[in-house]
Amino acid sequence: MNFLSVLISGLGAGATYAIIAIGYTMVYGIAKMLNFAHGDIIMVGGYAMFVTLALVGHPVAAVAAAILAAVLVCVLMGVSVERFAYKPLRGASPLAVLITAIGVSYLLQSLAQIIFGSASKMLSGLQIAGHVMLGTLRINYVTLVTLAVTVVLMVALTLFIKYSKTGRAMVAVSEDRDAALLMGINTNAIIAITFAIGSALAAIAAYLMLAKGASLANTLGAMPGIKAFTAAVIGGIGSLPGAVLGGILLGVVESLSYSIPALAPFTDAVEFGILIVILLVKPAGLLGKARREKV
Amino acid sequence: MKRILALVLAVLMIAGCCAALSSCSKTTKTIKIGLSGPLTGGAAVYGQAVKNAAQMAVDEINAAGGLNGIPLELKALDDVHDSSKIATNYAELMDWGMQVSLGCVTSAPCLEFLKYAKDDSVFFLTPSASNDGVPNGENSYQMCFADGNQGKVAADYVNSLYTAGNLGKLGIFYKSDDNYSKGIYDQFVANLNSAIDEKVMSFTDANATDFTTQIGALAECDFIFMPIYYEPAAQFMIQGKDTIRDTAVYYGCDGFDGLEGQLGDDMDEIDQAISMLSHFNSKATEGKAKEFIDKYTAKHGTDTLNQFGAAAYDCIYALHKAMTELIAEGKEIDHKTDAADLCEMLKGKFNGGFTYSGATGSNMKWEGGFVNKGAIAYEIKARAAA
């Protein structure tokens, strides 16, 4: 097994984790909560694409329409979850919010199973087939697309946060919510926008996963969600570049571990083991800022 | 206002009591059959299939007069394919009055179920928990092939290909944290001709979505043995259709059943051949398998049509046949029969040359709890014409 090809498939997997991790990290950075339903928003996006594909006849138009529909549905879902489940708990203990998030996660999974059934579905209309050969090294188009989308999204988000008014308001809210409120920033609106962006990213992640040939089930986002959360913590939760770094790192480690038969059965253990090691050595994560708690 | 409210509440309470009483008095005499399976969660498609098919068999038998005039009753509880739920489920089934059981749908929960059922001597015939540790010939019996037997039968097949010079390079793709997959894999490797050099890849995550690494490693194989369920298998085949050799053969066990429905039209895009070892053919065109397929799809569609359901259907009928024969032999079996007494009778029956023919095979016999029946070699899809 060629080491380079293992590395490249790891980058592909990692890039998907990175996009999901960005959603986790942004919501944590700004709303200071762990949105454990984030992975299930991916699944909602998947089903939105499934429905659109069935409705639109033309194959190319269907893919475009499916992505658009997924983004819209996910944004709507993310914002309403925030509005109806999390907003009433603003100021409640973090534990209450965490439990609510887990509850929302189960609710979404169960609803999807009731509506669409328990059998998983293949969406061949979304798959990106084909590959390019570099010498003996084979790179799938879908891996290239995933990597390109991740880089573009990360650059665009960084620019948005640095230079747009809304983006800077987001930074302000993340630094000190009360002070931002006093400065005239509508913190509730900013938090809603953060959820909207995170959910749109989840829709993109859903597309990339299905493009790779994942089958759609109500648990589509469960494990990738947990892996991406791990990635966000490894990178330093709250840090955008950290989420990307953590995601890529986790993807590469996963791929390497799978490629070694003796290690393959313990891949999950290896991945979560890395999390433990990093938390022990650098509790704030690779790129996270260590903050002293104000007493 | 308060008085009216009190009155309404009182009426409601009386109505509630009446409802409870009438439901009590409605409890008729039934033979109670208990079952625990994944009705929700990642493995729900198997649990739903078993529940639907078992209920269908129960309804048919009851319509034809039940067991000597006493109807059968099925109670299926959800264990989400999680062993930790079994203690509660088992207790609930026992409280309900379970007399005989189908055990669990999946292997790990079934091993847990066995611990309790063995202590209480509750007889169960599992449709699909294929782990080698499940059947014991005392209270636990299987309708499906045990994992180890499938691994051995598959290894015999591969060895014969090798001897004939038709094997090429052998690859294996299995799920290393799954009792079903690991059980078959271990037995397969143990029975494999030691001259064969195999390339082994595995995965662990139940919701794995990306097999790029494993596909890359197996790209040069001619024969890929995949003792896994059809959902990850379909995913592997779709993701690997360009990378794996066009001339390769995918070979799976009973977990492959349902693959066609899963792949749908995508099946045509896969050049590789697909075949499997099984006891049920979901596109059978004759015999009892065909009868089952027609009845099941008319009621529940094709979404959950698989060997789990067919085996569950056979379990109910096999239990019914065994109990009917026992009654004919002069044994007394009715709604009052104690689970342990029934277990003793059924044990004697199943260990004493009882035979049954159904949707998943004919002339089945049981030995030490393991079922003995012929495997069907079933080609799901031929290699695409070059």
# chains A, B, ... in the order shown; residues from 1 in each chain; ligands from 1
$ residues_around --residues "region 175-181 of chain B" --least-positions-apart "2" --cutoff "8 Å" --atoms "only C-alpha atoms" --output "MDAnalysis selection string"
(chainID A and resid 265) or (chainID B and resid 107:108 130:131 147 173 183:185 202:204 227:228)
$ write_last_selection --atoms "N, CA, C and O atoms" --output "tab-separated table (two decimals), in the first residue's frame"
chain	number	residue	atom	x	y	z
A	265	PRO	N	-8.18	-2.63	13.71
A	265	PRO	CA	-9.31	-2.82	14.61
A	265	PRO	C	-9.37	-1.77	15.73
A	265	PRO	O	-10.40	-1.60	16.36
B	107	SER	N	-26.41	-10.65	17.48
B	107	SER	CA	-25.62	-11.59	18.28
B	107	SER	C	-25.27	-11.12	19.69
B	107	SER	O	-25.52	-11.83	20.66
B	108	ALA	N	-24.70	-9.90	19.80
B	108	ALA	CA	-24.22	-9.47	21.12
B	108	ALA	C	-25.36	-9.42	22.15
B	108	ALA	O	-25.23	-9.98	23.25
B	130	SER	N	-26.29	-15.10	14.99
B	130	SER	CA	-25.55	-16.22	14.41
B	130	SER	C	-24.24	-16.52	15.12
B	130	SER	O	-23.48	-17.37	14.67
B	131	ASN	N	-23.95	-15.81	16.22
B	131	ASN	CA	-22.71	-16.07	16.94
B	131	ASN	C	-22.63	-17.54	17.39
B	131	ASN	O	-23.62	-18.13	17.78
B	147	ASP	N	-22.01	-18.34	12.74
B	147	ASP	CA	-20.93	-17.62	12.04
B	147	ASP	C	-19.80	-18.56	11.64
B	147	ASP	O	-19.31	-18.51	10.53
B	173	PHE	N	-12.23	-8.14	3.53
B	173	PHE	CA	-12.66	-6.87	4.12
B	173	PHE	C	-13.72	-7.19	5.17
B	173	PHE	O	-14.78	-7.71	4.85
B	183	GLY	N	-16.52	-13.20	13.82
B	183	GLY	CA	-16.74	-14.64	13.99
B	183	GLY	C	-16.49	-15.39	12.69
B	183	GLY	O	-15.77	-16.39	12.65
B	184	ILE	N	-17.06	-14.89	11.60
B	184	ILE	CA	-16.88	-15.53	10.30
B	184	ILE	C	-15.42	-15.43	9.87
B	184	ILE	O	-14.82	-16.39	9.39
B	185	TYR	N	-14.86	-14.24	10.06
B	185	TYR	CA	-13.49	-14.00	9.62
B	185	TYR	C	-12.53	-14.99	10.31
B	185	TYR	O	-11.68	-15.60	9.65
B	202	SER	N	-9.83	-3.92	7.30
B	202	SER	CA	-11.00	-3.95	8.18
B	202	SER	C	-11.49	-2.54	8.47
B	202	SER	O	-10.84	-1.56	8.11
B	203	PHE	N	-12.64	-2.45	9.10
B	203	PHE	CA	-13.14	-1.16	9.59
B	203	PHE	C	-13.87	-1.42	10.89
B	203	PHE	O	-14.15	-2.57	11.23
B	204	THR	N	-14.15	-0.35	11.65
B	204	THR	CA	-14.78	-0.55	12.95
B	204	THR	C	-16.07	0.23	13.11
B	204	THR	O	-16.98	-0.20	13.79
B	227	PRO	N	-17.23	-10.67	4.80
B	227	PRO	CA	-18.23	-11.15	5.76
B	227	PRO	C	-18.83	-9.98	6.54
B	227	PRO	O	-18.64	-9.86	7.75
B	228	ILE	N	-19.57	-9.11	5.84
B	228	ILE	CA	-20.18	-7.94	6.49
B	228	ILE	C	-21.62	-7.81	6.03
B	228	ILE	O	-22.06	-8.52	5.13
$ interface_residues --of "chain A" --to "chain B" --cutoff "7 Å" --atoms "only C-alpha atoms" --output "PyMOL selection string"
chain A and resi 1+6+9+118-119+121-122+124+130+212-215+219-220+223+255+258-259+261+264-265
$ closest_residue --among "A:Leu275, A:Ala211, A:Val270, A:Leu256" --to "Ile234 (chain A)" --atoms "only C-alpha atoms"
A:Leu275
$ select_by_dssp --residues "region 99-334 of chain B" --states "strand (DSSP E)" --output "PyMOL selection string"
chain B and resi 100-104+124-126+140-142+170-175+198-203+223-226+249-252+273-278
$ write_last_selection --atoms "C-alpha atoms" --output "compact mmCIF listing (two decimals), in the first residue's frame"
# COMPACT_ATOMS: atom_id res chain seq x y z
CA VAL B 100 -41.19 -19.32 24.68
CA SER B 101 -39.01 -16.86 22.79
CA LEU B 102 -37.23 -15.89 19.58
CA GLY B 103 -34.34 -14.57 21.70
CA CYS B 104 -32.69 -11.55 20.11
CA PHE B 124 -35.62 -19.71 22.42
CA LEU B 125 -35.09 -20.18 18.69
CA THR B 126 -33.29 -17.11 17.34
CA SER B 140 -30.99 -21.97 22.87
CA TYR B 141 -31.34 -22.87 19.16
CA GLN B 142 -30.61 -21.10 15.87
CA LEU B 170 -7.42 -12.98 -2.28
CA GLY B 171 -8.54 -9.93 -0.33
CA ILE B 172 -10.63 -9.81 2.86
CA PHE B 173 -12.66 -6.87 4.12
CA TYR B 174 -14.38 -7.29 7.48
CA LYS B 175 -15.68 -5.33 10.47
CA GLU B 198 -4.42 -12.97 1.69
CA LYS B 199 -4.59 -9.19 2.03
CA VAL B 200 -6.72 -8.20 5.01
CA MET B 201 -8.42 -4.83 5.54
CA SER B 202 -11.00 -3.95 8.18
CA PHE B 203 -13.14 -1.16 9.59
CA PHE B 223 -11.46 -12.23 -5.12
CA ILE B 224 -12.64 -10.18 -2.15
CA PHE B 225 -14.28 -12.01 0.74
CA MET B 226 -16.55 -9.63 2.67
CA VAL B 249 -15.51 -11.04 -7.46
CA TYR B 250 -17.10 -9.86 -4.22
CA TYR B 251 -18.11 -12.80 -2.06
CA GLY B 252 -20.16 -12.40 1.07
CA ALA B 273 -19.34 -9.84 -9.88
CA ILE B 274 -21.19 -10.31 -6.58
CA SER B 275 -22.14 -13.64 -5.00
CA MET B 276 -23.01 -14.90 -1.57
CA LEU B 277 -23.53 -17.87 0.68
CA SER B 278 -26.97 -17.84 2.22
$ residues_around --residues "Val132 (chain A)" --least-positions-apart "3" --cutoff "12 Å" --atoms "only C-alpha atoms" --output "PyMOL selection string"
(chain A and resi 129+135-144) or (chain B and resi 242-243)
$ closest_residue --among "A:Gly103, A:Gly91, A:Gly117, A:Gly125" --to "Val63 (chain A)" --atoms "only C-alpha atoms"
A:Gly125
$ residues_around --residues "Thr337 (chain B)" --least-positions-apart "2" --cutoff "12 Å" --atoms "only C-alpha atoms" --output "list in words"
Lys29, Thr30, Ile31, Lys32, Gly97, Met98, Gln99, Val100, Val122, Met323, Lys331, Glu332, Ile333, Asp334, His335, Ala339, Ala340, Asp341, Leu342, Cys343, Glu344 and Met345 of chain B
$ write_last_selection --atoms "N, CA and C atoms" --output "PDB file, in the first residue's frame"
ATOM      1  N   LYS B  29     -56.664 -16.051  26.702  1.00  0.00           N
ATOM      2  CA  LYS B  29     -55.625 -17.049  26.863  1.00  0.00           C
ATOM      3  C   LYS B  29     -54.802 -17.109  25.579  1.00  0.00           C
ATOM      4  N   THR B  30     -53.482 -16.853  25.711  1.00  0.00           N
ATOM      5  CA  THR B  30     -52.614 -16.925  24.535  1.00  0.00           C
ATOM      6  C   THR B  30     -51.314 -17.623  24.900  1.00  0.00           C
ATOM      7  N   ILE B  31     -50.660 -18.165  23.883  1.00  0.00           N
ATOM      8  CA  ILE B  31     -49.297 -18.666  24.056  1.00  0.00           C
ATOM      9  C   ILE B  31     -48.384 -17.474  23.830  1.00  0.00           C
ATOM     10  N   LYS B  32     -47.606 -17.096  24.830  1.00  0.00           N
ATOM     11  CA  LYS B  32     -46.861 -15.834  24.767  1.00  0.00           C
ATOM     12  C   LYS B  32     -45.429 -16.053  24.278  1.00  0.00           C
ATOM     13  N   GLY B  97     -45.189 -12.666  31.006  1.00  0.00           N
ATOM     14  CA  GLY B  97     -45.588 -14.070  31.016  1.00  0.00           C
ATOM     15  C   GLY B  97     -45.062 -14.873  29.844  1.00  0.00           C
ATOM     16  N   MET B  98     -43.907 -14.438  29.312  1.00  0.00           N
ATOM     17  CA  MET B  98     -43.320 -15.130  28.160  1.00  0.00           C
ATOM     18  C   MET B  98     -43.152 -16.626  28.439  1.00  0.00           C
ATOM     19  N   GLN B  99     -43.621 -17.460  27.497  1.00  0.00           N
ATOM     20  CA  GLN B  99     -43.499 -18.915  27.655  1.00  0.00           C
ATOM     21  C   GLN B  99     -42.402 -19.493  26.775  1.00  0.00           C
ATOM     22  N   VAL B 100     -42.218 -18.868  25.610  1.00  0.00           N
ATOM     23  CA  VAL B 100     -41.194 -19.325  24.685  1.00  0.00           C
ATOM     24  C   VAL B 100     -40.751 -18.073  23.924  1.00  0.00           C
ATOM     25  N   VAL B 122     -35.721 -20.838  29.731  1.00  0.00           N
ATOM     26  CA  VAL B 122     -36.680 -20.343  28.743  1.00  0.00           C
ATOM     27  C   VAL B 122     -36.166 -20.766  27.371  1.00  0.00           C
ATOM     28  N   MET B 323     -44.646 -27.637  18.726  1.00  0.00           N
ATOM     29  CA  MET B 323     -45.626 -27.701  19.818  1.00  0.00           C
ATOM     30  C   MET B 323     -46.844 -28.529  19.401  1.00  0.00           C
ATOM     31  N   LYS B 331     -48.618 -34.557  25.004  1.00  0.00           N
ATOM     32  CA  LYS B 331     -48.143 -33.556  25.969  1.00  0.00           C
ATOM     33  C   LYS B 331     -49.187 -32.448  26.112  1.00  0.00           C
ATOM     34  N   GLU B 332     -49.185 -31.816  27.262  1.00  0.00           N
ATOM     35  CA  GLU B 332     -50.164 -30.763  27.492  1.00  0.00           C
ATOM     36  C   GLU B 332     -49.493 -29.394  27.357  1.00  0.00           C
ATOM     37  N   ILE B 333     -49.877 -28.631  26.338  1.00  0.00           N
ATOM     38  CA  ILE B 333     -49.318 -27.286  26.167  1.00  0.00           C
ATOM     39  C   ILE B 333     -50.472 -26.314  25.977  1.00  0.00           C
ATOM     40  N   ASP B 334     -50.573 -25.347  26.876  1.00  0.00           N
ATOM     41  CA  ASP B 334     -51.572 -24.291  26.696  1.00  0.00           C
ATOM     42  C   ASP B 334     -51.042 -23.004  27.323  1.00  0.00           C
ATOM     43  N   HIS B 335     -51.951 -22.024  27.505  1.00  0.00           N
ATOM     44  CA  HIS B 335     -51.535 -20.713  28.008  1.00  0.00           C
ATOM     45  C   HIS B 335     -51.000 -20.792  29.436  1.00  0.00           C
ATOM     46  N   ALA B 339     -42.855 -21.776  31.462  1.00  0.00           N
ATOM     47  CA  ALA B 339     -41.791 -21.643  30.466  1.00  0.00           C
ATOM     48  C   ALA B 339     -40.768 -22.772  30.586  1.00  0.00           C
ATOM     49  N   ALA B 340     -40.394 -23.115  31.837  1.00  0.00           N
ATOM     50  CA  ALA B 340     -39.367 -24.144  32.033  1.00  0.00           C
ATOM     51  C   ALA B 340     -39.867 -25.523  31.600  1.00  0.00           C
ATOM     52  N   ASP B 341     -41.161 -25.811  31.844  1.00  0.00           N
ATOM     53  CA  ASP B 341     -41.721 -27.098  31.412  1.00  0.00           C
ATOM     54  C   ASP B 341     -41.758 -27.183  29.893  1.00  0.00           C
ATOM     55  N   LEU B 342     -42.166 -26.047  29.285  1.00  0.00           N
ATOM     56  CA  LEU B 342     -42.238 -26.006  27.829  1.00  0.00           C
ATOM     57  C   LEU B 342     -40.839 -26.187  27.238  1.00  0.00           C
ATOM     58  N   CYS B 343     -39.859 -25.575  27.899  1.00  0.00           N
ATOM     59  CA  CYS B 343     -38.465 -25.675  27.450  1.00  0.00           C
ATOM     60  C   CYS B 343     -38.031 -27.141  27.431  1.00  0.00           C
ATOM     61  N   GLU B 344     -38.365 -27.849  28.509  1.00  0.00           N
ATOM     62  CA  GLU B 344     -37.976 -29.258  28.619  1.00  0.00           C
ATOM     63  C   GLU B 344     -38.570 -30.075  27.470  1.00  0.00           C
ATOM     64  N   MET B 345     -39.846 -29.791  27.157  1.00  0.00           N
ATOM     65  CA  MET B 345     -40.515 -30.532  26.084  1.00  0.00           C
ATOM     66  C   MET B 345     -39.903 -30.194  24.728  1.00  0.00           C
TER      67      MET B 345
END
$ atom_distance --atom1 "CA of Asn218 (chain A)" --atom2 "CA of Leu123 (chain A)"
14.0 Å
$ atom_distance --atom1 "CA of Leu72 (chain B)" --atom2 "CA of Met56 (chain B)"
11.3 Å
$ atom_distance --atom1 "CA of Pro88 (chain A)" --atom2 "CA of Ile185 (chain A)"
19.3 Å
$ select_by_dssp --residues "region 235-315 of chain B" --states "alpha helix (DSSP H)" --output "PyMOL selection string"
chain B and resi 235-240+259-263+287-300+307-315
$ write_last_selection --atoms "N, CA, C and O atoms" --output "tab-separated table (two decimals), in the first residue's frame"
chain	number	residue	atom	x	y	z
B	235	GLN	N	-21.81	0.30	0.15
B	235	GLN	CA	-21.01	1.52	0.16
B	235	GLN	C	-19.61	1.24	-0.38
B	235	GLN	O	-19.06	2.01	-1.17
B	236	PHE	N	-19.03	0.12	0.04
B	236	PHE	CA	-17.70	-0.26	-0.41
B	236	PHE	C	-17.69	-0.46	-1.93
B	236	PHE	O	-16.80	0.01	-2.63
B	237	MET	N	-18.72	-1.14	-2.44
B	237	MET	CA	-18.74	-1.45	-3.87
B	237	MET	C	-18.91	-0.18	-4.72
B	237	MET	O	-18.29	-0.04	-5.77
B	238	ILE	N	-19.77	0.72	-4.25
B	238	ILE	CA	-19.97	1.97	-4.99
B	238	ILE	C	-18.68	2.80	-4.97
B	238	ILE	O	-18.22	3.30	-5.99
B	239	GLN	N	-18.09	2.91	-3.77
B	239	GLN	CA	-16.89	3.73	-3.67
B	239	GLN	C	-15.72	3.11	-4.42
B	239	GLN	O	-14.83	3.80	-4.86
B	240	GLY	N	-15.74	1.77	-4.55
B	240	GLY	CA	-14.60	1.10	-5.15
B	240	GLY	C	-14.79	0.73	-6.61
B	240	GLY	O	-13.94	0.08	-7.20
B	259	LEU	N	-28.68	-6.65	-0.49
B	259	LEU	CA	-27.74	-5.82	-1.23
B	259	LEU	C	-28.38	-5.22	-2.48
B	259	LEU	O	-28.18	-4.06	-2.80
B	260	GLU	N	-29.17	-6.04	-3.16
B	260	GLU	CA	-29.79	-5.57	-4.41
B	260	GLU	C	-30.68	-4.38	-4.19
B	260	GLU	O	-30.61	-3.39	-4.91
B	261	GLY	N	-31.55	-4.49	-3.17
B	261	GLY	CA	-32.45	-3.39	-2.87
B	261	GLY	C	-31.65	-2.15	-2.51
B	261	GLY	O	-32.00	-1.03	-2.88
B	262	GLN	N	-30.55	-2.37	-1.79
B	262	GLN	CA	-29.73	-1.25	-1.35
B	262	GLN	C	-29.07	-0.56	-2.55
B	262	GLN	O	-29.03	0.65	-2.63
B	263	LEU	N	-28.55	-1.34	-3.48
B	263	LEU	CA	-27.83	-0.75	-4.61
B	263	LEU	C	-28.79	-0.22	-5.67
B	263	LEU	O	-28.49	0.78	-6.33
B	287	GLY	N	-41.21	-22.13	-4.52
B	287	GLY	CA	-41.13	-22.73	-3.20
B	287	GLY	C	-41.63	-21.83	-2.09
B	287	GLY	O	-42.26	-20.80	-2.32
B	288	LYS	N	-41.30	-22.24	-0.85
B	288	LYS	CA	-41.81	-21.51	0.32
B	288	LYS	C	-41.19	-20.13	0.44
B	288	LYS	O	-41.79	-19.22	0.99
B	289	ALA	N	-39.95	-19.99	-0.06
B	289	ALA	CA	-39.30	-18.68	-0.03
B	289	ALA	C	-40.13	-17.70	-0.85
B	289	ALA	O	-40.39	-16.57	-0.43
B	290	LYS	N	-40.57	-18.11	-2.01
B	290	LYS	CA	-41.38	-17.26	-2.89
B	290	LYS	C	-42.70	-16.89	-2.21
B	290	LYS	O	-43.11	-15.72	-2.24
B	291	GLU	N	-43.34	-17.87	-1.58
B	291	GLU	CA	-44.60	-17.60	-0.87
B	291	GLU	C	-44.39	-16.52	0.19
B	291	GLU	O	-45.17	-15.58	0.32
B	292	PHE	N	-43.28	-16.68	0.95
B	292	PHE	CA	-43.00	-15.70	2.00
B	292	PHE	C	-42.80	-14.32	1.39
B	292	PHE	O	-43.34	-13.32	1.87
B	293	ILE	N	-41.99	-14.24	0.33
B	293	ILE	CA	-41.68	-12.95	-0.30
B	293	ILE	C	-42.97	-12.26	-0.75
B	293	ILE	O	-43.16	-11.06	-0.49
B	294	ASP	N	-43.86	-13.01	-1.39
B	294	ASP	CA	-45.11	-12.40	-1.87
B	294	ASP	C	-45.93	-11.84	-0.72
B	294	ASP	O	-46.41	-10.72	-0.77
B	295	LYS	N	-46.07	-12.64	0.33
B	295	LYS	CA	-46.89	-12.21	1.45
B	295	LYS	C	-46.26	-11.00	2.15
B	295	LYS	O	-46.94	-10.05	2.50
B	296	TYR	N	-44.94	-11.08	2.33
B	296	TYR	CA	-44.26	-10.02	3.08
B	296	TYR	C	-44.31	-8.69	2.32
B	296	TYR	O	-44.64	-7.65	2.88
B	297	THR	N	-43.99	-8.74	1.03
B	297	THR	CA	-43.93	-7.49	0.27
B	297	THR	C	-45.32	-6.89	0.12
B	297	THR	O	-45.47	-5.67	0.07
B	298	ALA	N	-46.36	-7.73	0.07
B	298	ALA	CA	-47.71	-7.19	-0.03
B	298	ALA	C	-48.05	-6.38	1.22
B	298	ALA	O	-48.77	-5.40	1.17
B	299	LYS	N	-47.48	-6.79	2.34
B	299	LYS	CA	-47.81	-6.14	3.61
B	299	LYS	C	-46.85	-5.01	3.97
B	299	LYS	O	-47.24	-3.96	4.46
B	300	HIS	N	-45.54	-5.24	3.75
B	300	HIS	CA	-44.54	-4.30	4.26
B	300	HIS	C	-43.63	-3.72	3.19
B	300	HIS	O	-42.67	-3.03	3.50
B	307	GLN	N	-33.21	-11.74	4.83
B	307	GLN	CA	-33.20	-13.08	5.41
B	307	GLN	C	-33.56	-13.08	6.90
B	307	GLN	O	-33.98	-14.11	7.43
B	308	PHE	N	-33.42	-11.94	7.56
B	308	PHE	CA	-33.79	-11.87	8.98
B	308	PHE	C	-35.28	-12.16	9.13
B	308	PHE	O	-35.69	-12.93	10.00
B	309	GLY	N	-36.07	-11.48	8.28
B	309	GLY	CA	-37.51	-11.66	8.34
B	309	GLY	C	-37.91	-13.08	7.98
B	309	GLY	O	-38.72	-13.72	8.66
B	310	ALA	N	-37.31	-13.60	6.91
B	310	ALA	CA	-37.65	-14.96	6.46
B	310	ALA	C	-37.37	-15.96	7.56
B	310	ALA	O	-38.16	-16.88	7.83
B	311	ALA	N	-36.22	-15.78	8.25
B	311	ALA	CA	-35.85	-16.70	9.31
B	311	ALA	C	-36.82	-16.58	10.49
B	311	ALA	O	-37.19	-17.58	11.12
B	312	ALA	N	-37.25	-15.35	10.80
B	312	ALA	CA	-38.18	-15.14	11.91
B	312	ALA	C	-39.52	-15.81	11.61
B	312	ALA	O	-40.14	-16.42	12.48
B	313	TYR	N	-39.93	-15.69	10.36
B	313	TYR	CA	-41.17	-16.32	9.90
B	313	TYR	C	-41.07	-17.83	10.11
B	313	TYR	O	-41.98	-18.48	10.63
B	314	ASP	N	-39.92	-18.39	9.74
B	314	ASP	CA	-39.70	-19.83	9.91
B	314	ASP	C	-39.66	-20.21	11.39
B	314	ASP	O	-40.13	-21.28	11.77
B	315	CYS	N	-39.07	-19.33	12.22
B	315	CYS	CA	-38.97	-19.63	13.66
B	315	CYS	C	-40.36	-19.85	14.25
B	315	CYS	O	-40.59	-20.82	14.99
$ residues_around --residues "Leu111 (chain B)" --least-positions-apart "3" --cutoff "10 Å" --atoms "only C-alpha atoms" --output "PyMOL selection string"
chain B and resi 83+86+103-104+106-108+114-117+129+131-135
$ residues_around --residues "Pro241 (chain A)" --least-positions-apart "4" --cutoff "8 Å" --atoms "only C-alpha atoms" --output "list in words"
Met154, Gly235, Leu245 and Leu287 of chain A
$ write_last_selection --atoms "N, CA, C and O atoms" --output "compact mmCIF listing (two decimals), in the first residue's frame"
# COMPACT_ATOMS: atom_id res chain seq x y z
N MET A 154 -12.69 27.90 4.25
CA MET A 154 -11.92 28.42 5.39
C MET A 154 -11.44 29.83 5.11
O MET A 154 -11.54 30.72 5.96
N GLY A 235 -7.86 20.68 17.94
CA GLY A 235 -7.34 21.92 17.36
C GLY A 235 -7.45 23.10 18.31
O GLY A 235 -6.80 24.12 18.12
N LEU A 245 -7.08 22.23 11.26
CA LEU A 245 -5.89 21.44 11.57
C LEU A 245 -6.28 20.13 12.26
O LEU A 245 -5.82 19.05 11.88
N LEU A 287 -4.16 24.86 18.77
CA LEU A 287 -4.11 26.29 18.46
C LEU A 287 -5.01 27.10 19.39
O LEU A 287 -5.30 28.26 19.13
$ closest_residue --among "B:Lys75, B:Arg383, B:Lys373, B:Lys85" --to "Pro38 (chain B)" --atoms "only C-alpha atoms"
B:Lys85
